[in-house]
Amino acid sequence: MTWTSPRFERRKQLGGLGTSPERQMGEGWLSRHQETLLAKSAGLEPAQLARTTVAPSNLTLLGLVRHRAEIRRWWFRRSFAGEAIGNVFTGPSDGNEGLDGVHAVDAERDVGLFQAEVQACDAAAAGRHLDEAFMQQLPAPNVKSTFWSTSCGIGPTGLDALPIDP
């Protein structure tokens with residue numbers, strides 16, 4: 001039997017997120033985007049997850065899953081928490097923050113690594129203040145905050161409008 005990306009139900013509803021305290025709002029929107037990515041992947045087979053959607057782009061849904069895992073690790077664990085860990089995906093063809101090196105045969109592993117990375121990043125930021133500063137090292141030393149990391153996780157995705165058609 002062929003593996004398919006697991007069915008998904010949202011953990012949190014947005015509800016009053018527009019009037020929530022700042023941390024709850026930021027975490028809520030970040031969760032919303034992550035959950036949207038999983039919802040759009042739900043029920044798809046590896047080949048569907050790894051298929052490019054619009055030529056000539058090489059963008060795939062699985063590439064976005066991988067990219068989000070790399071970006072979350074970069075901002076929350078490597079930069080904010082200062083963990084001395086490498087990239088999530090380290091194969092010879094991997095690169096471009098997870099967007100390259102997409103292979104259908106690795107779909108189950110890649111989705112699992114994304115889910116594990118979300119949990120690890122949530123744990124790294126748990127209980128930390130939004131104004132807590134850290135030194136970002138690349139591309140040049142620069143001071144950032146937990147709020148900055150959360151905002152970076154929300155802003156670039158735009159997944160609610162992503163036209164992924166299996």
# chains A, B, ... in the order shown; residues from 1 in each chain; ligands from 1

$ select_by_dssp --residues "stretch 3-162 of chain A" --states "alpha helix (DSSP H)" --output "PyMOL selection string"
chain A and resi 22-41+46-50+61-72+107-125+146-154

$ residues_around --residues "stretch 67-83 of chain A" --least-positions-apart "3" --cutoff "9 Å" --atoms "only C-alpha atoms" --output "MDAnalysis selection string"
chainID A and resid 34 62:64 86:89 96:100 110 113:118 120:122 124:125 132:137 144:146 148:150 152:153 157

$ atom_distance --atom1 "atom CA of A:Phe147" --atom2 "atom CA of A:Asp131"
6.4 Å

$ select_by_dssp --residues "stretch 90-146 of chain A" --states "strand (DSSP E or B)" --output "NGL selection string"
:A and (95 or 100 or 133-136 or 142-145)
